[in-house]
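Text of the file structure34.cif, holding mmCIF, C-alpha atoms:
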```
data_coords
loop_
_atom_site.group_PDB
_atom_site.id
_atom_site.type_symbol
_atom_site.label_atom_id
_atom_site.label_comp_id
_atom_site.auth_asym_id
_atom_site.auth_seq_id
_atom_site.Cartn_x
_atom_site.Cartn_y
_atom_site.Cartn_z
ATOM 1 C CA MET A 1 -7.064 1.379 11.321
ATOM 2 C CA GLY A 2 -7.050 -2.000 9.618
ATOM 3 C CA LEU A 3 -3.736 -1.287 7.928
ATOM 4 C CA LEU A 4 -2.228 -0.122 11.207
ATOM 5 C CA ALA A 5 -3.422 -3.332 12.845
ATOM 6 C CA LYS A 6 -1.587 -5.271 10.126
ATOM 7 C CA LYS A 7 1.595 -3.302 10.935
ATOM 8 C CA TYR A 8 1.625 -1.232 7.729
ATOM 9 C CA ASP A 9 3.196 2.218 7.725
ATOM 10 C CA VAL A 10 0.204 4.495 7.152
ATOM 11 C CA GLU A 11 0.237 8.088 5.923
ATOM 12 C CA VAL A 12 -3.086 9.920 5.868
ATOM 13 C CA VAL A 13 -3.282 12.771 3.366
ATOM 14 C CA ALA A 14 -5.327 15.139 5.516
ATOM 15 C CA ASP A 15 -6.509 17.462 2.777
ATOM 16 C CA CYS A 16 -7.840 14.504 0.791
ATOM 17 C CA ILE A 17 -10.354 13.293 3.338
ATOM 18 C CA SER A 18 -13.888 14.466 3.915
ATOM 19 C CA SER A 19 -16.726 14.173 6.367
ATOM 20 C CA ARG A 20 -20.179 15.609 6.786
ATOM 21 C CA LYS A 21 -18.911 17.468 9.858
ATOM 22 C CA LYS A 22 -15.597 19.356 9.946
ATOM 23 C CA ASN A 23 -15.122 18.382 13.591
ATOM 24 C CA SER A 24 -15.159 14.713 12.606
ATOM 25 C CA ILE A 25 -12.089 15.229 10.434
ATOM 26 C CA ALA A 26 -10.076 16.646 13.335
ATOM 27 C CA ILE A 27 -11.168 13.824 15.641
ATOM 28 C CA THR A 28 -10.322 11.191 13.041
ATOM 29 C CA LEU A 29 -6.891 12.637 12.304
ATOM 30 C CA HIS A 30 -6.135 12.851 16.010
ATOM 31 C CA LYS A 31 -7.190 9.245 16.594
ATOM 32 C CA LEU A 32 -5.206 7.938 13.628
ATOM 33 C CA SER A 33 -2.162 9.898 14.756
ATOM 34 C CA GLU A 34 -2.478 8.513 18.286
ATOM 35 C CA LYS A 35 -2.616 4.997 16.830
ATOM 36 C CA GLY A 36 0.580 5.560 14.843
ATOM 37 C CA ALA A 37 -0.461 6.910 11.443
ATOM 38 C CA GLY A 38 1.489 9.744 9.937
ATOM 39 C CA ILE A 39 -0.492 12.822 8.921
ATOM 40 C CA THR A 40 0.550 14.663 5.775
ATOM 41 C CA ASN A 41 -0.932 16.863 3.054
ATOM 42 C CA VAL A 42 -0.906 16.665 -0.742
ATOM 43 C CA GLU A 43 2.036 19.017 -1.170
ATOM 44 C CA MET A 44 4.253 17.171 1.313
ATOM 45 C CA CYS A 45 3.149 13.812 -0.078
ATOM 46 C CA LEU A 46 4.108 14.742 -3.637
ATOM 47 C CA TYR A 47 7.446 16.225 -2.570
ATOM 48 C CA GLU A 48 8.257 13.095 -0.574
ATOM 49 C CA LEU A 49 7.381 10.852 -3.518
ATOM 50 C CA ILE A 50 9.541 12.879 -5.908
ATOM 51 C CA LEU A 51 12.487 13.022 -3.477
ATOM 52 C CA ASP A 52 14.397 15.765 -5.315
ATOM 53 C CA SER A 53 13.351 19.092 -6.840
ATOM 54 C CA LYS A 54 16.035 18.661 -9.503
ATOM 55 C CA ARG A 55 14.130 15.809 -11.144
ATOM 56 C CA ASP A 56 12.177 16.579 -14.327
ATOM 57 C CA VAL A 57 8.922 15.393 -12.801
ATOM 58 C CA PHE A 58 9.112 18.161 -10.192
ATOM 59 C CA LYS A 59 8.143 20.837 -12.712
ATOM 60 C CA LYS A 60 5.288 18.659 -13.963
ATOM 61 C CA ILE A 61 3.622 18.504 -10.549
ATOM 62 C CA LEU A 62 3.949 22.189 -9.674
ATOM 63 C CA PRO A 63 0.590 23.126 -11.278
ATOM 64 C CA PHE A 64 -1.131 20.663 -8.946
ATOM 65 C CA ILE A 65 0.225 22.204 -5.751
ATOM 66 C CA GLN A 66 0.287 25.912 -6.465
#
```

Please re-express this file's structure in C-alpha coordinates.
Amino acid sequence: MGLLAKKYDVEVVADCISSRKKNSIAITLHKLSEKGAGITNVEMCLYELILDSKRDVFKKILPFIQ
(Lines of atoms letter the chains of each structure in order from A and count residues from 1; the text may use other names and numbers.)
(Lines give C-alpha, C1' and ligand atoms only; values in the text may rest on other atoms or scores of the structure.)
Protein backbone atom coordinates (compact mmCIF):
# COMPACT_ATOMS: atom_id res chain seq x y z
CA MET A 1 0.00 0.00 0.00
CA GLY A 2 2.92 2.30 0.71
CA LEU A 3 4.30 1.86 -2.79
CA LEU A 4 0.88 2.53 -4.30
CA ALA A 5 0.63 5.70 -2.22
CA LYS A 6 3.97 6.80 -3.70
CA LYS A 7 2.55 6.21 -7.21
CA TYR A 8 4.65 3.12 -7.99
CA ASP A 9 3.32 0.49 -10.38
CA VAL A 10 2.82 -2.52 -8.10
CA GLU A 11 2.50 -6.16 -9.13
CA VAL A 12 1.69 -8.66 -6.38
CA VAL A 13 2.82 -12.21 -7.09
CA ALA A 14 -0.17 -13.97 -5.56
CA ASP A 15 1.36 -17.41 -5.20
CA CYS A 16 4.32 -15.94 -3.31
CA ILE A 17 2.39 -14.51 -0.40
CA SER A 18 1.26 -16.23 2.76
CA SER A 19 -0.97 -15.73 5.75
CA ARG A 20 -2.05 -17.73 8.75
CA LYS A 21 -5.56 -17.81 7.28
CA LYS A 22 -6.29 -18.58 3.62
CA ASN A 23 -9.21 -16.15 3.67
CA SER A 24 -6.83 -13.32 4.56
CA ILE A 25 -4.95 -13.85 1.31
CA ALA A 26 -8.10 -13.42 -0.78
CA ILE A 27 -9.11 -10.30 1.15
CA THR A 28 -5.64 -8.80 0.80
CA LEU A 29 -5.43 -9.47 -2.92
CA HIS A 30 -8.87 -7.99 -3.44
CA LYS A 31 -7.99 -4.86 -1.47
CA LEU A 32 -4.68 -4.37 -3.27
CA SER A 33 -6.40 -4.86 -6.62
CA GLU A 34 -9.08 -2.32 -5.71
CA LYS A 35 -6.34 0.16 -4.80
CA GLY A 36 -4.63 -0.30 -8.17
CA ALA A 37 -2.10 -3.11 -7.75
CA GLY A 38 -1.80 -5.70 -10.46
CA ILE A 39 -2.18 -9.32 -9.39
CA THR A 40 0.00 -11.92 -11.09
CA ASN A 41 1.55 -15.33 -10.41
CA VAL A 42 5.10 -16.66 -10.66
CA GLU A 43 4.65 -18.13 -14.12
CA MET A 44 3.20 -14.95 -15.62
CA CYS A 45 5.79 -12.83 -13.81
CA LEU A 46 8.70 -14.81 -15.23
CA TYR A 47 7.25 -14.83 -18.75
CA GLU A 48 6.71 -11.07 -18.60
CA LEU A 49 10.28 -10.50 -17.40
CA ILE A 50 11.72 -12.67 -20.17
CA LEU A 51 9.55 -11.07 -22.87
CA ASP A 52 10.19 -13.72 -25.54
CA SER A 53 10.21 -17.52 -25.48
CA LYS A 54 12.92 -17.51 -28.15
CA ARG A 55 15.50 -16.14 -25.72
CA ASP A 56 18.03 -18.59 -24.26
CA VAL A 57 16.99 -17.78 -20.71
CA PHE A 58 13.50 -19.13 -21.40
CA LYS A 59 14.69 -22.74 -21.32
CA LYS A 60 16.61 -22.06 -18.10
CA ILE A 61 13.49 -21.00 -16.21
CA LEU A 62 11.22 -23.81 -17.39
CA PRO A 63 12.19 -26.14 -14.50
CA PHE A 64 10.99 -23.50 -12.05
CA ILE A 65 7.49 -23.23 -13.51
CA GLN A 66 6.65 -26.76 -14.55

Inset, instruction - Quick one: pull the distance between CA of Asn23 in chain A and CA of Leu4 in chain A, Å, one decimal. - result: 22.7 Å

Name all residues at most 12 Å from Phe58 in chain A (count all atoms listed in the file; drop same-chain ones fewer than 4 positions away) and give them as a JSON list (two decimals) with C-alpha atoms, in the coordinates of the input.
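That gives us result_4.json:
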```json
[["chain", "number", "residue", "atom", "x", "y", "z"],
["A", 43, "GLU", "CA", 2.04, 19.02, -1.17],
["A", 46, "LEU", "CA", 4.11, 14.74, -3.64],
["A", 47, "TYR", "CA", 7.45, 16.23, -2.57],
["A", 48, "GLU", "CA", 8.26, 13.10, -0.57],
["A", 49, "LEU", "CA", 7.38, 10.85, -3.52],
["A", 50, "ILE", "CA", 9.54, 12.88, -5.91],
["A", 51, "LEU", "CA", 12.49, 13.02, -3.48],
["A", 52, "ASP", "CA", 14.40, 15.76, -5.32],
["A", 53, "SER", "CA", 13.35, 19.09, -6.84],
["A", 54, "LYS", "CA", 16.04, 18.66, -9.50],
["A", 62, "LEU", "CA", 3.95, 22.19, -9.67],
["A", 63, "PRO", "CA", 0.59, 23.13, -11.28],
["A", 64, "PHE", "CA", -1.13, 20.66, -8.95],
["A", 65, "ILE", "CA", 0.22, 22.20, -5.75]]
```

Inset, instruction - Find the spatial neighbours of Gly36 in chain A, counting only C-alpha atoms, within a cut-off of 9 Å - ignore same-chain residues fewer than 4 positions away - and output them as an MDAnalysis selection string. - result: chainID A and resid 4 9:10 31:32

Could you write out the selected residues, including C-alpha atoms, as a short mmCIF file (atom, residue, chain, number, x, y, z; two decimals), keeping the file's coordinate frame?
```
data_model
loop_
_atom_site.label_atom_id
_atom_site.label_comp_id
_atom_site.auth_asym_id
_atom_site.auth_seq_id
_atom_site.Cartn_x
_atom_site.Cartn_y
_atom_site.Cartn_z
CA LEU A 4 -2.23 -0.12 11.21
CA ASP A 9 3.20 2.22 7.72
CA VAL A 10 0.20 4.50 7.15
CA LYS A 31 -7.19 9.24 16.59
CA LEU A 32 -5.21 7.94 13.63
#
```

Residues picked by the PyMOL selection byres ((chain A and resi 40) around 6) here, as a PDB file with C-alpha atoms, in the frame of the given file?
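Written output follows (part_8.pdb):
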```pdb
ATOM      1  CA  VAL A  12      -3.086   9.920   5.868  1.00  0.00           C
ATOM      2  CA  VAL A  13      -3.282  12.771   3.366  1.00  0.00           C
ATOM      3  CA  ALA A  14      -5.327  15.139   5.516  1.00  0.00           C
ATOM      4  CA  ILE A  39      -0.492  12.822   8.921  1.00  0.00           C
ATOM      5  CA  ASN A  41      -0.932  16.863   3.054  1.00  0.00           C
TER       6      ASN A  41
END
```

Legend entry - Distance of CA of Ile27 in chain A from CA of Gly2 in chain A, expressed in Å to one decimal place: 17.4 Å

Inset, instruction - Can you work out the spacing between CA of Val42 in chain A and CA of Cys16 in chain A in Å, to one decimal? - result: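 One can read the CA of Val42 in chain A to CA of Cys16 in chain A distance as 7.4 Å.
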
Inset, instruction - Just the residues within 12 Å of Tyr8 in chain A, please, counting all atoms listed in the file, with nothing from its chain fewer than 5 positions along; format it as a ChimeraX atom specification. - result: /A:1-3,35-38

Inset, instruction - Considering only C-alpha atoms, state which residue in the set A:Asp15, A:Arg20, A:Ala5, A:Lys60 is at the smallest distance from Met44 in chain A. - result: A:Asp15

N, CA, C and O atoms modelled onto range 6-29 of chain A, as a short mmCIF file (atom, residue, chain, number, x, y, z; two decimals), in the coordinates of the input:
```
data_model
loop_
_atom_site.label_atom_id
_atom_site.label_comp_id
_atom_site.auth_asym_id
_atom_site.auth_seq_id
_atom_site.Cartn_x
_atom_site.Cartn_y
_atom_site.Cartn_z
N LYS A 6 -2.41 -4.31 10.86
CA LYS A 6 -1.59 -5.27 10.13
C LYS A 6 -0.13 -4.83 10.04
O LYS A 6 0.65 -5.36 9.27
N LYS A 7 0.22 -3.79 10.81
CA LYS A 7 1.60 -3.30 10.94
C LYS A 7 2.11 -2.59 9.68
O LYS A 7 3.31 -2.52 9.44
N TYR A 8 1.21 -2.05 8.87
CA TYR A 8 1.62 -1.23 7.73
C TYR A 8 2.00 0.16 8.21
O TYR A 8 1.45 0.64 9.20
N ASP A 9 2.93 0.80 7.50
CA ASP A 9 3.20 2.22 7.72
C ASP A 9 2.10 2.98 6.99
O ASP A 9 1.94 2.82 5.79
N VAL A 10 1.36 3.80 7.73
CA VAL A 10 0.20 4.50 7.15
C VAL A 10 0.45 5.99 7.17
O VAL A 10 0.86 6.55 8.18
N GLU A 11 0.20 6.64 6.04
CA GLU A 11 0.24 8.09 5.92
C GLU A 11 -1.15 8.53 5.47
O GLU A 11 -1.63 8.09 4.42
N VAL A 12 -1.77 9.39 6.22
CA VAL A 12 -3.09 9.92 5.87
C VAL A 12 -2.89 11.30 5.26
O VAL A 12 -2.27 12.17 5.86
N VAL A 13 -3.39 11.48 4.05
CA VAL A 13 -3.28 12.77 3.37
C VAL A 13 -4.49 13.60 3.81
O VAL A 13 -5.59 13.46 3.30
N ALA A 14 -4.25 14.46 4.79
CA ALA A 14 -5.33 15.14 5.52
C ALA A 14 -6.23 16.00 4.63
O ALA A 14 -7.44 16.06 4.87
N ASP A 15 -5.67 16.62 3.62
CA ASP A 15 -6.51 17.46 2.78
C ASP A 15 -7.18 16.68 1.65
O ASP A 15 -7.75 17.26 0.73
N CYS A 16 -7.15 15.36 1.76
CA CYS A 16 -7.84 14.50 0.79
C CYS A 16 -8.94 13.68 1.45
O CYS A 16 -9.44 12.72 0.86
N ILE A 17 -9.27 14.01 2.68
CA ILE A 17 -10.35 13.29 3.34
C ILE A 17 -11.53 14.25 3.56
O ILE A 17 -11.37 15.46 3.54
N SER A 18 -12.68 13.66 3.77
CA SER A 18 -13.89 14.47 3.92
C SER A 18 -14.82 13.83 4.94
O SER A 18 -14.70 12.64 5.26
N SER A 19 -15.70 14.63 5.44
CA SER A 19 -16.73 14.17 6.37
C SER A 19 -17.89 15.15 6.31
O SER A 19 -17.72 16.30 5.88
N ARG A 20 -19.03 14.71 6.74
CA ARG A 20 -20.18 15.61 6.79
C ARG A 20 -19.95 16.74 7.78
O ARG A 20 -20.43 17.84 7.60
N LYS A 21 -19.18 16.47 8.82
CA LYS A 21 -18.91 17.47 9.86
C LYS A 21 -17.41 17.73 9.94
O LYS A 21 -16.61 16.81 10.06
N LYS A 22 -17.02 19.00 9.89
CA LYS A 22 -15.60 19.36 9.95
C LYS A 22 -14.93 18.84 11.22
O LYS A 22 -13.79 18.42 11.21
N ASN A 23 -15.66 18.86 12.33
CA ASN A 23 -15.12 18.38 13.59
C ASN A 23 -14.74 16.90 13.52
O ASN A 23 -13.78 16.47 14.15
N SER A 24 -15.47 16.14 12.74
CA SER A 24 -15.16 14.71 12.61
C SER A 24 -13.80 14.49 11.98
O SER A 24 -13.10 13.53 12.32
N ILE A 25 -13.40 15.36 11.07
CA ILE A 25 -12.09 15.23 10.43
C ILE A 25 -10.99 15.39 11.48
O ILE A 25 -10.06 14.57 11.55
N ALA A 26 -11.09 16.41 12.30
CA ALA A 26 -10.08 16.65 13.34
C ALA A 26 -10.01 15.48 14.31
O ALA A 26 -8.91 15.04 14.69
N ILE A 27 -11.14 14.96 14.71
CA ILE A 27 -11.17 13.82 15.64
C ILE A 27 -10.53 12.60 14.99
O ILE A 27 -9.72 11.90 15.62
N THR A 28 -10.87 12.35 13.75
CA THR A 28 -10.32 11.19 13.04
C THR A 28 -8.81 11.29 12.89
O THR A 28 -8.08 10.33 13.14
N LEU A 29 -8.33 12.46 12.47
CA LEU A 29 -6.89 12.64 12.30
C LEU A 29 -6.16 12.47 13.63
O LEU A 29 -5.08 11.87 13.69
#
```
